[in-house]
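Taking it in order: structure first as structure tokens, then the write-up.
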Amino acid sequence: MSGDVVSTRRIEAHDRDWLVAALEEWGMRRLVSRERLTADASVFPGFVAELDGERAGFALLRRVGDELEVIALQSLEERRGVGTALLRAVEAEAQATGCRRAWLVTTNDNLDAIRFYQRRGWELVALHRDAVTRGRALKPELAEIGAFGIALRHELEFERVV
């Protein structure tokens with residue numbers, strides 16, 4: 001909606017309980033990406049998006065060297081600018097901290113995310129074939145079938161060079 005006001009800010013201590021609840025609701029507190037288990041994503045730094053003053057999404061970040069990884073990105077209000085605002089905050093953070101790129105992975109079934117990232121200038125740079133399949137050794141509860149009835153097997157890596 002054109003009247004929506006989305007802002008982003010850094011995650012603060014008072015956001016942690018909300019963040020834990022949001023991650024658990026989406027089954028994202030324990031994450032597997034690139035065959036690495038993140039036991040508790042809620043402890044990572046990042047950004048909260050607010051829509052008209054209410055929390056509406058988050059991005060969690062891990063910096064390694066000159067790369068900034070988005071380990072989780074969730075918009076609780078779709079098609080209202082929340083995800084876009086979070087990606088822009090990530091890009092600004094990468095640039096401000098001297099990172100050469102920001103990057104993330106999504107799964108092969110996440111067609112909405114694939115479209116979303118590309119429309120915002122993030123490049124598809126790698127297919128990690130069967131990474132989700134291997135990731136089940138670390139997180140057995142990962143579904144076999146994802147969105148749209150697609151077998152959940154691969155990770156797709158997107159990046160934004162800053």
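Chain labels follow the order of the structure tokens: the first chain is A, the next B, and so on; residue numbering restarts at 1 in every chain, and ligands are counted from 1 in their shown order.
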
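Around region 140-149 of chain A, within 12 Å and counting only C-alpha atoms, the residues found are Gly27, Met28, Arg30, Leu31, Val32, Ser33, Leu37, Thr106, Thr107, Asn108, Asp109, Asn110, Leu111, Asp112, Ala113, Asp130, Ala131, Val132, Thr133, Arg134, Gly135, Arg136, Arg153 and His154 of chain A, once anything fewer than 4 positions away on its own chain is removed.
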
### Neighbour list for Arg62 (chain A) as a ChimeraX atom specification, cut-off 9 Å, only C-alpha atoms, skip fewer than 6 positions in-chain
/A:44-46,68-71

Would you export the selected residues with C-alpha atoms as an mmCIF file, in the first residue's frame, please?
data_model
loop_
_atom_site.group_PDB
_atom_site.id
_atom_site.type_symbol
_atom_site.label_atom_id
_atom_site.label_comp_id
_atom_site.auth_asym_id
_atom_site.auth_seq_id
_atom_site.Cartn_x
_atom_site.Cartn_y
_atom_site.Cartn_z
ATOM 1 C CA PHE A 44 22.839 -12.801 15.905
ATOM 2 C CA PRO A 45 22.874 -9.076 15.155
ATOM 3 C CA GLY A 46 20.731 -7.590 12.455
ATOM 4 C CA LEU A 68 28.072 -10.278 5.204
ATOM 5 C CA GLU A 69 25.747 -13.269 5.219
ATOM 6 C CA VAL A 70 22.017 -12.874 5.738
ATOM 7 C CA ILE A 71 21.280 -15.985 7.786
#

Report the residues of chain A whose backbone DSSP state falls under alpha helix (DSSP H), written as a CSV table (one decimal) with C-alpha atoms, in the first residue's frame.
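Below is the file that was written, part_39.csv:
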chain,number,residue,atom,x,y,z
A,16,ARG,CA,15.1,-10.6,21.7
A,17,ASP,CA,12.0,-12.3,23.2
A,18,TRP,CA,9.9,-11.2,20.1
A,19,LEU,CA,12.7,-12.4,17.8
A,20,VAL,CA,12.8,-15.8,19.5
A,21,ALA,CA,9.0,-16.2,19.2
A,22,ALA,CA,9.1,-15.2,15.6
A,23,LEU,CA,11.9,-17.6,14.7
A,24,GLU,CA,10.2,-20.5,16.6
A,25,GLU,CA,6.9,-19.8,14.8
A,82,VAL,CA,9.2,-4.7,4.6
A,83,GLY,CA,11.5,-7.2,2.9
A,84,THR,CA,12.8,-4.5,0.5
A,85,ALA,CA,13.6,-2.2,3.5
A,86,LEU,CA,15.5,-5.0,5.2
A,87,LEU,CA,17.5,-5.9,2.1
A,88,ARG,CA,18.4,-2.2,1.7
A,89,ALA,CA,19.5,-2.0,5.4
A,90,VAL,CA,21.7,-5.1,4.8
A,91,GLU,CA,23.3,-3.6,1.7
A,92,ALA,CA,24.0,-0.3,3.6
A,93,GLU,CA,25.5,-2.3,6.5
A,94,ALA,CA,27.8,-4.2,4.1
A,95,GLN,CA,28.9,-1.1,2.4
A,96,ALA,CA,29.5,0.8,5.7
A,111,LEU,CA,9.9,-19.4,-5.7
A,112,ASP,CA,8.6,-16.2,-4.1
A,113,ALA,CA,12.0,-15.4,-2.6
A,114,ILE,CA,13.8,-16.2,-5.8
A,115,ARG,CA,11.7,-13.7,-7.7
A,116,PHE,CA,11.9,-11.2,-4.8
A,117,TYR,CA,15.7,-11.2,-4.6
A,118,GLN,CA,16.2,-10.9,-8.4
A,119,ARG,CA,13.8,-8.0,-8.7
A,131,ALA,CA,22.8,-29.1,0.1
A,132,VAL,CA,19.4,-29.4,1.8
A,133,THR,CA,19.5,-33.1,1.5
A,134,ARG,CA,22.9,-33.2,3.2
A,135,GLY,CA,21.7,-30.6,5.7

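Candidate residues A:Ile11, A:Leu156, A:Leu73, A:Ala102 were compared for distance to Trp26 (chain A), and the nearest is A:Leu73, using only C-alpha atoms.
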
Enumerate the residues of chain A with a DSSP assignment of strand (DSSP E), computed from the backbone, and present them as a PDB file with C-alpha atoms, in the first residue's frame.
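Below is the file that was written, result-v1.pdb:
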ATOM      1  CA  VAL A   6       8.527   1.110   6.768  1.00  0.00           C
ATOM      2  CA  SER A   7      11.638   1.849   8.793  1.00  0.00           C
ATOM      3  CA  THR A   8      14.530  -0.318   9.895  1.00  0.00           C
ATOM      4  CA  ARG A   9      16.702  -0.225  12.977  1.00  0.00           C
ATOM      5  CA  ARG A  10      19.277  -2.434  14.624  1.00  0.00           C
ATOM      6  CA  LEU A  31      19.130 -22.963  10.799  1.00  0.00           C
ATOM      7  CA  VAL A  32      21.100 -24.987   8.301  1.00  0.00           C
ATOM      8  CA  SER A  33      22.835 -23.163   5.487  1.00  0.00           C
ATOM      9  CA  ARG A  36      26.503 -25.482   8.692  1.00  0.00           C
ATOM     10  CA  LEU A  37      24.148 -25.580  11.672  1.00  0.00           C
ATOM     11  CA  THR A  38      23.323 -22.360  13.499  1.00  0.00           C
ATOM     12  CA  GLY A  46      20.731  -7.590  12.455  1.00  0.00           C
ATOM     13  CA  PHE A  47      17.772  -5.372  11.764  1.00  0.00           C
ATOM     14  CA  VAL A  48      14.132  -5.105  12.696  1.00  0.00           C
ATOM     15  CA  ALA A  49      11.705  -3.592  10.227  1.00  0.00           C
ATOM     16  CA  GLU A  50       8.788  -1.631  11.588  1.00  0.00           C
ATOM     17  CA  LEU A  51       5.629  -0.868   9.686  1.00  0.00           C
ATOM     18  CA  GLU A  54       4.986  -2.103  14.769  1.00  0.00           C
ATOM     19  CA  ARG A  55       7.585  -4.842  14.269  1.00  0.00           C
ATOM     20  CA  ALA A  56       7.015  -6.391  10.862  1.00  0.00           C
ATOM     21  CA  GLY A  57      10.144  -8.356  10.017  1.00  0.00           C
ATOM     22  CA  PHE A  58      13.798  -9.000  10.669  1.00  0.00           C
ATOM     23  CA  ALA A  59      17.130  -9.774   9.049  1.00  0.00           C
ATOM     24  CA  LEU A  60      19.846 -11.633  10.957  1.00  0.00           C
ATOM     25  CA  LEU A  61      23.468 -11.270   9.904  1.00  0.00           C
ATOM     26  CA  ARG A  62      26.794 -13.062  10.222  1.00  0.00           C
ATOM     27  CA  ARG A  63      29.984 -11.319   9.136  1.00  0.00           C
ATOM     28  CA  VAL A  64      32.943 -13.441   8.079  1.00  0.00           C
ATOM     29  CA  GLU A  67      31.401 -10.903   3.504  1.00  0.00           C
ATOM     30  CA  LEU A  68      28.072 -10.278   5.204  1.00  0.00           C
ATOM     31  CA  GLU A  69      25.747 -13.269   5.219  1.00  0.00           C
ATOM     32  CA  VAL A  70      22.017 -12.874   5.738  1.00  0.00           C
ATOM     33  CA  ILE A  71      21.280 -15.985   7.786  1.00  0.00           C
ATOM     34  CA  ALA A  72      17.563 -15.213   8.113  1.00  0.00           C
ATOM     35  CA  LEU A  73      15.211 -12.722   6.487  1.00  0.00           C
ATOM     36  CA  GLN A  74      11.538 -12.696   7.340  1.00  0.00           C
ATOM     37  CA  SER A  75       8.791 -10.276   6.421  1.00  0.00           C
ATOM     38  CA  ARG A 101      29.395  -8.467  -0.800  1.00  0.00           C
ATOM     39  CA  ALA A 102      26.245  -9.421   1.052  1.00  0.00           C
ATOM     40  CA  TRP A 103      24.899 -12.897   0.379  1.00  0.00           C
ATOM     41  CA  LEU A 104      22.234 -15.385   1.380  1.00  0.00           C
ATOM     42  CA  VAL A 105      20.825 -18.733   0.427  1.00  0.00           C
ATOM     43  CA  THR A 106      17.285 -19.877  -0.115  1.00  0.00           C
ATOM     44  CA  THR A 107      15.887 -23.246  -1.050  1.00  0.00           C
ATOM     45  CA  GLU A 123      22.278 -12.019  -8.425  1.00  0.00           C
ATOM     46  CA  LEU A 124      21.860 -15.786  -8.430  1.00  0.00           C
ATOM     47  CA  VAL A 125      25.513 -16.877  -8.250  1.00  0.00           C
ATOM     48  CA  ALA A 126      25.471 -20.553  -7.246  1.00  0.00           C
ATOM     49  CA  LEU A 127      23.428 -23.702  -7.021  1.00  0.00           C
ATOM     50  CA  HIS A 128      24.501 -25.907  -4.130  1.00  0.00           C
ATOM     51  CA  GLU A 155      20.242 -24.213  -1.933  1.00  0.00           C
ATOM     52  CA  LEU A 156      20.459 -21.241  -4.271  1.00  0.00           C
ATOM     53  CA  GLU A 157      22.984 -18.538  -3.391  1.00  0.00           C
ATOM     54  CA  PHE A 158      22.258 -14.904  -4.112  1.00  0.00           C
ATOM     55  CA  GLU A 159      24.623 -11.982  -3.654  1.00  0.00           C
ATOM     56  CA  ARG A 160      24.712  -8.246  -3.873  1.00  0.00           C
ATOM     57  CA  VAL A 161      28.142  -6.781  -4.527  1.00  0.00           C
TER      58      VAL A 161
END
